[in-house]
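What follows is one structure encoded as structure tokens, with my remarks underneath.
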Amino acid sequence: MEYGSLPADAMACFAAQALNIKADTVKASLKNKLSENALMQNYYGQSLAFFPLAFEGGILKRP
Amino acid sequence: MVSQVKIISFAIGLICLFVSGCSDMKISPEKPLELWWKSYKKNFILPDGRVQCPEHEYDTVSEGQAYAMLFAVFMKDKETFDLIFRWTEEHLSRGSKHGDHLLAWHWKGGGVNDWMAASDADGDYAFALLLASHQWEGHAYREKAIQVIYDILRLETVRGVDNRLFFLPGLWGREKDGCLMQNPSYYSPAAFRLFYEATQDNQWLYLIDTAYWLVSQAGIRLDTVTGCGLLPDWCMVDAQGNILKAEGRSNDYGWEAVRLPLRIGLDVLWNKTEDAHKALGKIYQTLQRTSVDFKELKAVYSYDAGLPWNMVVCRQTQWPVLQHRH
């Protein structure tokens, strides 16, 4: 597993969501990495992971 | 009879308390966002509101403060938002030293060690404050946001080729021979549209126009290298509008450019513009193609979608680090 690619996975996942494209592989990869203990303190990756999670949670609303 | 009811109610109460306590402890796949936020706060946000970065000796950057404020406002966590906002104003505000409303970008070892501003962080800071003013109807949030927004325009933008308005990386970026240092991932069209709505200042619309112009041009060619759909972390725009390599900075699709899907994706979601959809689609297609080529997504690609780096794990810290291919 390439730990440094958490930001890339997070952003690819978010791009797919925004474009309304089905991307199960990248979503699965992101979820696997998010559950890895080694990545809990990966600050940048965790920060960017917020956006696909927030999209799924339906909270990214325009004011 | 009454005492029996009380005992039964007490027992039920205890069971409920136990069950709710247990469910809070275990990971629930139904609530990944809430669990992520809990974990993020525990790992990165200190009790005083400072957001620390473990990978960089627990230092703090203005970008991190602004991101965490964005997370807090979307999560409707006012207490955490206010905590981070207070720390940021007390420790990073350039007001007392430089008289503006921008933020010092770097804090380390108990104080600011670089008072330079970073425009991506300033933009996200104003964005978070403006969202907060809508979320919680706070006049203080809006007032601060407007102050930051106008100082960004005043200090972190400049006119360039064809009288186009550019977003500088900070209080710097005017290079020799009329060249401008640019970071495409610093442009945040969705935020800029809110800034325009808040101020009715057309300069924000000009900056959105430049954002998509830059994304388009920097995707076509970088110096003499033909693009393939990815954008560089950094580049320069010369006085004729050519996109050049940024000397001494990353020209890869790396840690900076990786954020472009966030910047453009929010604009797709919120405003559904053709420019945004086209730009994001191009990046996504290229990433998809390279992930097939390399069997997975990589952290960093060269501008032409190759691999400029090897990822290795540092023996001492166990952190992943990038090593140049020789």
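Note on naming: chains are A, B, ... as they come in the structure tokens, residues start from 1 per chain, ligands start from 1 in the order shown.
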- Message: Report as number ranges by chain all protein, DNA and RNA residues lying within 8 Å of stretch 55-61 of chain B, evaluated on only C-alpha atoms, omitting residues in the same chain fewer than 5 positions from it.
- Response: A: 41-43; B: 50, 105-109, 319
- Selection: 9 Å around B:Leu260, only C-alpha atoms, excl. self and same-chain fewer than 2 positions, as a ChimeraX atom specification: /A:11 /B:184-188,231,256-258,262-265,280,283
What would the file look like if the residues just selected were written as a JSON list (two decimals), in the first residue's frame with C-alpha atoms?
```
[["chain", "number", "residue", "atom", "x", "y", "z"],
["A", 11, "MET", "CA", -9.34, 13.84, -4.40],
["B", 184, "PRO", "CA", -3.29, 26.81, -9.92],
["B", 185, "SER", "CA", -4.51, 25.01, -6.78],
["B", 186, "TYR", "CA", -4.63, 28.31, -4.86],
["B", 187, "TYR", "CA", -7.56, 29.51, -7.00],
["B", 188, "SER", "CA", -10.84, 28.55, -5.36],
["B", 231, "LEU", "CA", -1.50, 20.49, -14.04],
["B", 256, "GLU", "CA", -0.25, 21.13, -4.35],
["B", 257, "ALA", "CA", -2.06, 20.26, -7.58],
["B", 258, "VAL", "CA", -3.66, 17.22, -5.97],
["B", 262, "LEU", "CA", -11.45, 19.94, -4.48],
["B", 263, "ARG", "CA", -11.24, 23.50, -5.81],
["B", 264, "ILE", "CA", -12.95, 22.75, -9.10],
["B", 265, "GLY", "CA", -15.22, 20.01, -7.77],
["B", 280, "LEU", "CA", -12.53, 18.52, -13.67],
["B", 283, "ILE", "CA", -8.17, 15.84, -14.74]]
```
- Message: Using DSSP assignments from the backbone, pull out every residue in chain A that falls under helix (DSSP H, G or I) and give it to me as a ChimeraX atom specification.
- Response: /A:3-19,24-34,37-39,43-56
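Between atom CA of B:Asp201 and atom CA of B:Leu269 the separation is 22.9 Å.
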- Message: With only C-alpha atoms considered, list every residue of chain A at most 8 Å from chain B, as a VMD selection string.
- Response: chain A and resid 2 to 9 11 to 12 14 to 16 18 to 19 40 to 43 46 to 48 50 to 51 53 to 54 57 59 to 63
- Item | A:Cys13 surroundings by only C-alpha atoms, 8 Å radius, close-in-sequence under 5 positions cut, as a PyMOL selection string | chain A and resi 23+26-27+30+52
- Message: So that I can check the secondary structure, give me every residue of stretch 153-324 of chain B assigned strand (DSSP E or B) by backbone DSSP, as a PyMOL selection string.
- Response: chain B and resi 157-159+165-167+170+174+180-182+221-222+225-226+235-237+243-245+253+301+309-313+320-324
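Separating atom CA of B:Asn113 from atom CA of B:Trp172 is a distance of 17.3 Å.
Between atom CA of A:Ser35 and atom CA of B:Ser62 the separation is 27.2 Å.
Among the candidate residues B:Val161, B:Ala126, B:Cys235, B:Leu171, the one lying nearest to B:Ile149 is B:Ala126, with distances computed using only C-alpha atoms.
The shortest atom-to-atom distance to B:Phe127, with only C-alpha atoms taken into account, belongs to B:Arg193 out of B:Lys41, B:Lys97, B:Arg221, B:Arg193.
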